[in-house]
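Structure first, commentary second.
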Amino acid sequence: MKKVLMFLLVAVLSFSLIACSNSDDTVSNGNGEEKKSGSKEKLTVWSFTDELQEPIDVFMERHDVDIELTIIPIADYPTRLRPVLESGSGAPDIFTGELAFIKDWVEQGYWENLSQAPYNVEELKGDFVDYVFDLGRGSDGNIKALSWQTTPGGIFYRRSIAQEVLGTDDPQVIGEKFSTMDGLFKVGEELKAQGYRLFPDEGAVRWFAQGNNPQAWVNENDELIMSEGRINHFDYAKELREKDLTAFAPEWSPAWFAAMDGAINYNAGWDAVDENASNEVEVFAYALPTWGLHSVLKMNTEETFGDWAVTNGPNPYFWGGTWLGIYSGSKNKDLAWEFVKMMTHDEAFLTDWALESGDVLSYLPVTEKIKGDFSEEFLGGQNNYTYFLEQAESINPGLVTRYDQQIDTLFGDMVSEYVEGVKTKEEAIQEFYNLVRNAYPHIKTPDQQ
């Protein structure tokens with residue numbers, strides 16, 4: 001993630017956005033509005049990421065206001081935020097939501113209804129990537145939150161290794177090889193024969209467990225859907241382990257990060273990297289979404305900078321995303337809306353933001369303007385913008401449910417126990433059903449249907 005910056009309070013001459021208190025200590029701004037002399041309007045923003053800091057700096061400079069950003073680790077974010085939203089005491093004017101809990105929060109009444117006047121965001125529907133816009137919609141049909149980004153995924157791979165082992169580093173050709181699970185494993189075998197490993201760990205293939213017929217975890221009848229793709233995922237993960245196609249570097253571990261920039265000690269396994277060890281391997285590819293390029297790969301590479309490309313896997317997928325909304329009890333809704341507007345559909349700001357940060361936007365008037373000439377130096381000059389926007393067209397917002405975060409965790413835990421030999425496949429699946437029922441007693445698992 002971006003390094004958190006110190007808050008910069010930049011005072012410039014600017015018209016006030018909202019009329020302030022009518023106390024005696026007021027001055028006219030020349031536009032028929034008044035505000036307290038020597039004071040600034042203030043917004044409070046809560047988020048689980050520091051990605052809003054730079055836009056906040058821009059907004060403060062533009063409008064001569066103060067914004068206080070509170071960043072809370074995502075693991076603690078829902079439990080810290082929910083009580084203040086329910087009580088209204090100390091609640092922020094603006095708060096963000098992540099994909100993992102977006103479908104829960106749009107139902108809670110915490111976010112302002114943006115479909116109503118004066119926001120009227122339904123008029124913007126055609127200007128956004130469809131799934132991004134629709135995921136901010138509650139069951140009442142109203143939009144509660146917007147996002148400036150789209151987060152489809154891909155497989156980032158090392159060009160030099162592809163050239164050596166496969167004879168080409170062309171993303172289209174590599175994508176054809178990766179277009180099926182059998183093809184992915186075939187490449188893994190070729191890489192292993194040359195001393196490389198396909199992925200850092202088995203978890204990378206979880207994004208392809210859905211297959212080409214993706215389904216939501218829970219349907220409208222509160223039934224858990226254990227699709228053929230999900231059942232097959234147990235076997236794919238086990239096969240990766242048994243065929244020795246990964247580097248045994250679990251996601252977010254020190255070894256996982258270290259393998260992005262060169263060889264790691266294969267025997268270090270699950271805990272550490274020994275740079276002096278002789279038994280080393282290099283990892284060929286990582287399954288990551290749009291933000292993985294800027295917040296993960298770029299942050300952990302020096303030697304391999306420019307030696308990467310991105311292509312498709314066996315099926316499209318998406319991971320994460322940040323939605324932005326106004327607290328329904330805020331007393332500063334007009335000013336808060338000005339910030340939301342800038343962040344989600346201000347063409348001038350978003351054009352600068354995209355070109356500076358590389359963030360793949362959901363706002364189509366900007367993406368249509370910049371996508372043709374986009375070139376990413378880290379990816380050897382590849383136009384990753386076009387690739388990701390094409391992938392975004394395949395995303396179905398109906399796949400996201402309010403249960404996904406917990407069920408995904410339970411599913412991953414049972415896959416791991418099967419891969420590690422703790423449970424048989426049948427035992428792991430049955431325990432998964434038991435855990436889902438314990439967490440959500442109203443959900444009917446397949447052994448009950």
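Identifiers for the structure tokens are assigned positionally: chains receive A, B, ... in sequence, residues are indexed from 1 per chain, and ligands are indexed from 1 in the order shown.
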
Considering only C-alpha atoms, give me a table of residues in range 190-301 of chain A that are at most 7 Å from range 157-163 of chain A, with the closest atom pair and distance in Å for each, as CSV.
```
residue,atom,partner,partner_atom,distance
A:Phe284,CA,A:Tyr157,CA,5.5
A:Ala285,CA,A:Tyr157,CA,4.1
A:Tyr286,CA,A:Tyr157,CA,6.5
```

Next, dump the selected residues to file, keeping only N, CA and C atoms, as a compact mmCIF listing (two decimals), in the first residue's frame.
```
# COMPACT_ATOMS: atom_id res chain seq x y z
N PHE A 284 7.65 -17.92 -10.97
CA PHE A 284 7.29 -17.39 -12.28
C PHE A 284 6.14 -16.39 -12.23
N ALA A 285 5.09 -16.68 -11.44
CA ALA A 285 3.86 -15.89 -11.58
C ALA A 285 3.13 -15.71 -10.26
N TYR A 286 2.33 -14.64 -10.22
CA TYR A 286 1.46 -14.31 -9.10
C TYR A 286 0.06 -14.00 -9.63
```

inquiry  = If you run DSSP on the backbone here, which positions in range 187-386 of chain A get strand (DSSP E)? Please write them as a ChimeraX atom specification.
reply    = /A:196-197,264-265,280-283,285-289,308-311,322-326

Using only C-alpha atoms, find each residue of range 231-335 of chain A with at least one atom at most 12 Å away from an atom of range 355-374 of chain A; report its shortest atom-to-atom pair and that distance in Å (one decimal), sort the rows by chain and rising residue number, and return the result as a tab-separated table.
```
residue	atom	partner	partner_atom	distance
A:Pro289	CA	A:Val360	CA	10.2
A:Thr290	CA	A:Val360	CA	6.7
A:Trp291	CA	A:Asp359	CA	7.0
A:Gly292	CA	A:Asp359	CA	10.3
A:Leu293	CA	A:Gly358	CA	8.9
A:His294	CA	A:Gly358	CA	7.4
A:Ser295	CA	A:Asp359	CA	10.1
A:Lys298	CA	A:Gly358	CA	11.4
A:Gly321	CA	A:Ser362	CA	10.6
A:Thr322	CA	A:Ser362	CA	11.2
A:Trp323	CA	A:Ser362	CA	11.2
```

Compile the contact shell of range 202-207 of chain A as a CSV table (one decimal) with N, CA, C and O atoms, in the first residue's frame: residues with an atom at most 8 Å away, counting only C-alpha atoms, same-chain residues fewer than 4 positions apart removed.
```csv
chain,number,residue,atom,x,y,z
A,233,HIS,N,-11.4,-27.7,-6.9
A,233,HIS,CA,-10.3,-26.8,-6.4
A,233,HIS,C,-9.5,-27.6,-5.3
A,233,HIS,O,-8.3,-27.4,-5.2
A,236,TYR,N,-7.1,-29.5,-7.4
A,236,TYR,CA,-6.0,-28.7,-8.0
A,236,TYR,C,-5.0,-28.2,-7.0
A,236,TYR,O,-3.8,-28.3,-7.3
A,237,ALA,N,-5.5,-27.8,-5.8
A,237,ALA,CA,-4.5,-27.4,-4.8
A,237,ALA,C,-3.6,-28.5,-4.4
A,237,ALA,O,-2.4,-28.3,-4.2
A,238,LYS,N,-4.2,-29.7,-4.2
A,238,LYS,CA,-3.4,-30.9,-3.8
A,238,LYS,C,-2.4,-31.3,-4.9
A,238,LYS,O,-1.3,-31.6,-4.6
A,240,LEU,N,-1.0,-29.3,-7.1
A,240,LEU,CA,0.1,-28.3,-7.1
A,240,LEU,C,1.2,-28.7,-6.0
A,240,LEU,O,2.4,-28.7,-6.2
A,241,ARG,N,0.7,-29.1,-4.8
A,241,ARG,CA,1.6,-29.5,-3.7
A,241,ARG,C,2.3,-30.8,-4.1
A,241,ARG,O,3.5,-30.9,-4.0
A,246,THR,N,5.0,-25.4,-6.7
A,246,THR,CA,5.0,-24.1,-6.0
A,246,THR,C,6.3,-24.0,-5.1
A,246,THR,O,7.0,-24.9,-4.9
A,248,PHE,N,6.3,-23.1,-1.9
A,248,PHE,CA,5.9,-23.2,-0.5
A,248,PHE,C,6.0,-21.9,0.3
A,248,PHE,O,6.5,-21.9,1.4
A,250,PRO,N,3.6,-19.1,1.4
A,250,PRO,CA,2.2,-18.8,1.6
A,250,PRO,C,2.0,-17.3,1.4
A,250,PRO,O,2.8,-16.4,1.7
A,251,GLU,N,0.8,-16.9,0.9
A,251,GLU,CA,0.4,-15.6,0.6
A,251,GLU,C,0.6,-14.7,1.8
A,251,GLU,O,0.3,-15.0,3.0
A,286,TYR,N,2.3,-14.6,-10.2
A,286,TYR,CA,1.5,-14.3,-9.1
A,286,TYR,C,0.1,-14.0,-9.6
A,286,TYR,O,-0.1,-13.3,-10.6
A,287,ALA,N,-1.0,-14.5,-9.0
A,287,ALA,CA,-2.3,-14.1,-9.3
A,287,ALA,C,-2.7,-12.9,-8.4
A,287,ALA,O,-2.9,-13.1,-7.2
A,317,TYR,N,-11.7,-13.1,-12.9
A,317,TYR,CA,-12.0,-13.0,-11.5
A,317,TYR,C,-11.8,-11.5,-11.0
A,317,TYR,O,-11.2,-10.7,-11.8
```

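Reported to one decimal place, the separation of CA of Glu107 in chain A from CA of Val436 in chain A is 21.7 Å.
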
Range 308-444 of chain A: residues DSSP assigns to alpha helix (DSSP H), reported as a CSV table (one decimal) with N, CA and C atoms, in the first residue's frame:
```csv
chain,number,residue,atom,x,y,z
A,333,LYS,N,-23.2,17.0,4.7
A,333,LYS,CA,-23.4,16.2,3.5
A,333,LYS,C,-23.0,16.9,2.2
A,334,ASP,N,-23.3,18.2,2.2
A,334,ASP,CA,-23.0,18.9,0.9
A,334,ASP,C,-21.5,18.9,0.6
A,335,LEU,N,-20.7,19.2,1.7
A,335,LEU,CA,-19.2,19.2,1.5
A,335,LEU,C,-18.7,17.8,1.2
A,336,ALA,N,-19.3,16.8,2.0
A,336,ALA,CA,-18.9,15.4,1.8
A,336,ALA,C,-19.2,15.0,0.3
A,337,TRP,N,-20.3,15.4,-0.2
A,337,TRP,CA,-20.6,15.1,-1.6
A,337,TRP,C,-19.7,15.7,-2.6
A,338,GLU,N,-19.2,16.8,-2.3
A,338,GLU,CA,-18.2,17.5,-3.2
A,338,GLU,C,-16.9,16.6,-3.3
A,339,PHE,N,-16.5,16.0,-2.1
A,339,PHE,CA,-15.4,15.1,-2.1
A,339,PHE,C,-15.7,13.8,-2.9
A,340,VAL,N,-16.8,13.2,-2.6
A,340,VAL,CA,-17.2,12.0,-3.3
A,340,VAL,C,-17.2,12.2,-4.8
A,341,LYS,N,-17.8,13.4,-5.2
A,341,LYS,CA,-17.8,13.7,-6.7
A,341,LYS,C,-16.4,13.8,-7.2
A,342,MET,N,-15.5,14.5,-6.6
A,342,MET,CA,-14.2,14.6,-7.1
A,342,MET,C,-13.5,13.2,-7.2
A,343,MET,N,-13.7,12.4,-6.2
A,343,MET,CA,-13.0,11.1,-6.2
A,343,MET,C,-13.6,10.1,-7.2
A,344,THR,N,-14.8,10.3,-7.5
A,344,THR,CA,-15.5,9.2,-8.4
A,344,THR,C,-15.8,9.7,-9.8
A,345,HIS,N,-16.1,11.0,-10.0
A,345,HIS,CA,-16.4,11.3,-11.4
A,345,HIS,C,-16.0,12.8,-11.8
A,347,GLU,N,-13.6,14.5,-14.0
A,347,GLU,CA,-12.7,14.1,-15.1
A,347,GLU,C,-11.3,14.6,-15.0
A,348,ALA,N,-11.1,15.8,-14.7
A,348,ALA,CA,-9.8,16.4,-14.6
A,348,ALA,C,-9.0,15.7,-13.5
A,349,PHE,N,-9.6,15.6,-12.3
A,349,PHE,CA,-8.9,15.0,-11.2
A,349,PHE,C,-8.5,13.5,-11.5
A,350,LEU,N,-9.5,12.8,-12.0
A,350,LEU,CA,-9.3,11.3,-12.3
A,350,LEU,C,-8.3,11.1,-13.4
A,351,THR,N,-8.3,11.9,-14.4
A,351,THR,CA,-7.3,11.8,-15.4
A,351,THR,C,-5.9,11.9,-14.8
A,352,ASP,N,-5.7,12.9,-14.1
A,352,ASP,CA,-4.4,13.1,-13.4
A,352,ASP,C,-4.1,11.9,-12.5
A,353,TRP,N,-5.1,11.5,-11.7
A,353,TRP,CA,-4.9,10.4,-10.8
A,353,TRP,C,-4.5,9.1,-11.5
A,354,ALA,N,-5.2,8.8,-12.5
A,354,ALA,CA,-4.9,7.5,-13.2
A,354,ALA,C,-3.5,7.5,-13.9
A,355,LEU,N,-3.2,8.7,-14.5
A,355,LEU,CA,-1.9,8.7,-15.1
A,355,LEU,C,-0.7,8.7,-14.1
A,356,GLU,N,-1.0,9.3,-12.9
A,356,GLU,CA,0.1,9.3,-11.9
A,356,GLU,C,0.2,8.0,-11.2
A,357,SER,N,-1.0,7.4,-10.8
A,357,SER,CA,-1.0,6.2,-9.9
A,357,SER,C,-1.1,4.9,-10.7
A,364,LEU,N,-15.9,5.6,-17.0
A,364,LEU,CA,-15.6,5.4,-18.4
A,364,LEU,C,-15.3,6.6,-19.2
A,365,PRO,N,-15.8,7.8,-18.9
A,365,PRO,CA,-15.4,9.0,-19.7
A,365,PRO,C,-13.9,9.2,-19.6
A,366,VAL,N,-13.2,8.8,-18.5
A,366,VAL,CA,-11.8,9.0,-18.4
A,366,VAL,C,-11.0,7.8,-19.0
A,367,THR,N,-11.5,6.6,-18.7
A,367,THR,CA,-10.8,5.4,-19.2
A,367,THR,C,-10.8,5.4,-20.8
A,368,GLU,N,-11.9,5.8,-21.4
A,368,GLU,CA,-12.0,5.8,-22.8
A,368,GLU,C,-11.0,6.8,-23.4
A,369,LYS,N,-10.7,7.8,-22.7
A,369,LYS,CA,-9.8,8.9,-23.1
A,369,LYS,C,-8.3,8.4,-23.0
A,370,ILE,N,-8.0,7.7,-22.0
A,370,ILE,CA,-6.6,7.4,-21.8
A,370,ILE,C,-6.1,6.0,-22.1
A,384,ASN,N,-1.6,-2.4,-19.8
A,384,ASN,CA,-2.4,-3.2,-18.9
A,384,ASN,C,-3.8,-2.7,-18.7
A,385,TYR,N,-4.0,-1.4,-19.0
A,385,TYR,CA,-5.3,-0.7,-18.8
A,385,TYR,C,-6.3,-1.4,-19.7
A,386,THR,N,-6.0,-1.6,-21.0
A,386,THR,CA,-6.9,-2.2,-21.9
A,386,THR,C,-7.2,-3.6,-21.5
A,387,TYR,N,-6.2,-4.4,-21.0
A,387,TYR,CA,-6.4,-5.7,-20.6
A,387,TYR,C,-7.4,-5.8,-19.4
A,388,PHE,N,-7.2,-5.0,-18.4
A,388,PHE,CA,-8.1,-5.0,-17.2
A,388,PHE,C,-9.5,-4.5,-17.5
A,389,LEU,N,-9.6,-3.5,-18.4
A,389,LEU,CA,-11.0,-3.1,-18.7
A,389,LEU,C,-11.7,-4.1,-19.5
A,390,GLU,N,-11.1,-4.9,-20.3
A,390,GLU,CA,-11.7,-6.0,-21.0
A,390,GLU,C,-12.2,-7.1,-20.0
A,391,GLN,N,-11.3,-7.4,-19.0
A,391,GLN,CA,-11.7,-8.3,-18.0
A,391,GLN,C,-12.8,-7.9,-17.1
A,392,ALA,N,-12.9,-6.6,-16.9
A,392,ALA,CA,-14.0,-6.0,-16.0
A,392,ALA,C,-15.4,-6.2,-16.7
A,404,ASP,N,-19.6,-13.7,1.9
A,404,ASP,CA,-18.4,-14.1,1.1
A,404,ASP,C,-17.1,-14.2,2.0
A,405,GLN,N,-16.9,-13.1,2.7
A,405,GLN,CA,-15.6,-13.0,3.5
A,405,GLN,C,-15.4,-14.2,4.4
A,406,GLN,N,-16.5,-14.5,5.2
A,406,GLN,CA,-16.4,-15.6,6.2
A,406,GLN,C,-16.4,-17.0,5.5
A,407,ILE,N,-17.2,-17.2,4.5
A,407,ILE,CA,-17.2,-18.4,3.8
A,407,ILE,C,-15.9,-18.7,3.0
A,408,ASP,N,-15.4,-17.7,2.4
A,408,ASP,CA,-14.1,-17.9,1.7
A,408,ASP,C,-13.0,-18.3,2.7
A,409,THR,N,-13.0,-17.7,3.9
A,409,THR,CA,-12.0,-18.1,4.9
A,409,THR,C,-12.2,-19.5,5.3
A,410,LEU,N,-13.4,-19.9,5.6
A,410,LEU,CA,-13.7,-21.3,6.0
A,410,LEU,C,-13.3,-22.3,4.9
A,411,PHE,N,-13.6,-22.0,3.7
A,411,PHE,CA,-13.3,-22.8,2.5
A,411,PHE,C,-11.8,-23.0,2.4
A,412,GLY,N,-11.1,-21.9,2.4
A,412,GLY,CA,-9.6,-21.9,2.3
A,412,GLY,C,-9.0,-22.7,3.4
A,413,ASP,N,-9.5,-22.6,4.6
A,413,ASP,CA,-9.0,-23.4,5.8
A,413,ASP,C,-9.1,-24.9,5.5
A,414,MET,N,-10.3,-25.3,5.0
A,414,MET,CA,-10.5,-26.7,4.7
A,414,MET,C,-9.7,-27.2,3.6
A,415,VAL,N,-9.5,-26.4,2.5
A,415,VAL,CA,-8.6,-26.8,1.4
A,415,VAL,C,-7.2,-27.0,1.9
A,416,SER,N,-6.7,-26.1,2.8
A,416,SER,CA,-5.4,-26.3,3.4
A,416,SER,C,-5.2,-27.5,4.2
A,417,GLU,N,-6.3,-27.9,5.0
A,417,GLU,CA,-6.2,-29.1,5.8
A,417,GLU,C,-6.1,-30.3,4.9
A,418,TYR,N,-6.8,-30.3,3.7
A,418,TYR,CA,-6.7,-31.4,2.8
A,418,TYR,C,-5.3,-31.5,2.2
A,419,VAL,N,-4.8,-30.3,1.7
A,419,VAL,CA,-3.5,-30.3,1.1
A,419,VAL,C,-2.4,-30.8,2.1
A,425,LYS,N,-10.4,-35.5,1.6
A,425,LYS,CA,-11.2,-34.6,0.8
A,425,LYS,C,-12.7,-34.6,1.3
A,426,GLU,N,-13.2,-35.8,1.5
A,426,GLU,CA,-14.6,-35.9,2.0
A,426,GLU,C,-14.7,-35.3,3.4
A,427,GLU,N,-13.7,-35.5,4.3
A,427,GLU,CA,-13.8,-35.0,5.7
A,427,GLU,C,-13.7,-33.5,5.6
A,428,ALA,N,-12.8,-32.9,4.7
A,428,ALA,CA,-12.7,-31.5,4.7
A,428,ALA,C,-14.0,-30.8,4.2
A,429,ILE,N,-14.6,-31.4,3.2
A,429,ILE,CA,-15.8,-30.8,2.7
A,429,ILE,C,-16.9,-30.9,3.7
A,430,GLN,N,-17.1,-32.0,4.4
A,430,GLN,CA,-18.1,-32.1,5.4
A,430,GLN,C,-17.9,-31.1,6.6
A,431,GLU,N,-16.6,-31.0,7.0
A,431,GLU,CA,-16.3,-30.0,8.0
A,431,GLU,C,-16.6,-28.6,7.5
A,432,PHE,N,-16.3,-28.3,6.3
A,432,PHE,CA,-16.7,-27.0,5.7
A,432,PHE,C,-18.2,-26.7,5.9
A,433,TYR,N,-19.0,-27.7,5.5
A,433,TYR,CA,-20.4,-27.6,5.7
A,433,TYR,C,-20.8,-27.3,7.2
A,434,ASN,N,-20.2,-28.0,8.1
A,434,ASN,CA,-20.5,-27.9,9.5
A,434,ASN,C,-20.1,-26.4,9.9
A,435,LEU,N,-19.0,-25.9,9.5
A,435,LEU,CA,-18.5,-24.6,9.9
A,435,LEU,C,-19.5,-23.5,9.3
A,436,VAL,N,-19.9,-23.7,8.1
A,436,VAL,CA,-20.8,-22.7,7.5
A,436,VAL,C,-22.2,-22.7,8.3
A,437,ARG,N,-22.7,-23.9,8.7
A,437,ARG,CA,-23.9,-23.9,9.4
A,437,ARG,C,-23.7,-23.3,10.8
A,438,ASN,N,-22.6,-23.5,11.4
A,438,ASN,CA,-22.3,-22.9,12.7
A,438,ASN,C,-22.3,-21.4,12.6
A,439,ALA,N,-21.7,-20.9,11.5
A,439,ALA,CA,-21.6,-19.4,11.4
A,439,ALA,C,-22.9,-18.8,10.9
```

Given only C-alpha atoms as the counted atoms, nearest of A:Gly380, A:Gly153, A:Gly136, A:Gly88 to Asn113 in chain A = A:Gly136

Write out as a short mmCIF file (atom, residue, chain, number, x, y, z; two decimals) with C-alpha atoms, in the first residue's frame the residues lying within 12 Å of Gln108 in chain A, counting only C-alpha atoms and excluding same-chain residues fewer than 2 positions away.
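Result written to part06.cif:
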```
data_model
loop_
_atom_site.label_atom_id
_atom_site.label_comp_id
_atom_site.auth_asym_id
_atom_site.auth_seq_id
_atom_site.Cartn_x
_atom_site.Cartn_y
_atom_site.Cartn_z
CA ARG A 82 -20.08 -0.06 13.26
CA LEU A 85 -22.27 4.62 12.97
CA GLU A 86 -25.05 3.11 15.08
CA PHE A 101 -18.47 -6.34 3.30
CA ILE A 102 -20.02 -4.01 0.72
CA LYS A 103 -23.20 -6.07 0.30
CA ASP A 104 -23.79 -6.08 4.04
CA TRP A 105 -23.22 -2.37 4.55
CA VAL A 106 -25.45 -1.12 1.74
CA TYR A 110 -25.32 3.86 7.43
CA TRP A 111 -24.67 5.36 4.02
CA GLU A 112 -26.70 8.21 2.54
CA ASN A 113 -29.03 7.35 -0.36
CA ARG A 137 -26.81 -0.65 -4.72
CA GLY A 138 -28.96 -1.92 -1.85
CA SER A 139 -31.90 -4.30 -2.09
CA ASP A 140 -34.17 -1.24 -1.98
CA LYS A 144 -25.41 3.99 -1.33
CA TYR A 327 -22.67 8.85 6.51
CA SER A 328 -26.45 9.21 6.61
CA ARG A 402 -22.80 -10.60 2.32
#
```

Report as a PDB file with N, CA and C atoms, in the first residue's frame all protein, DNA and RNA residues lying within 9 Å of Gly195 in chain A, evaluated on only C-alpha atoms, omitting residues in the same chain fewer than 6 positions from it.
```pdb
ATOM      1  N   GLU A 280      17.883 -22.850  -4.092  1.00  0.00           N
ATOM      2  CA  GLU A 280      16.987 -21.735  -4.320  1.00  0.00           C
ATOM      3  C   GLU A 280      16.135 -21.946  -5.567  1.00  0.00           C
ATOM      4  N   VAL A 281      14.967 -21.314  -5.569  1.00  0.00           N
ATOM      5  CA  VAL A 281      14.095 -21.335  -6.741  1.00  0.00           C
ATOM      6  C   VAL A 281      13.589 -19.922  -6.998  1.00  0.00           C
ATOM      7  N   GLU A 282      13.184 -19.685  -8.243  1.00  0.00           N
ATOM      8  CA  GLU A 282      12.524 -18.442  -8.600  1.00  0.00           C
ATOM      9  C   GLU A 282      11.073 -18.734  -8.954  1.00  0.00           C
TER      10      GLU A 282
END
```
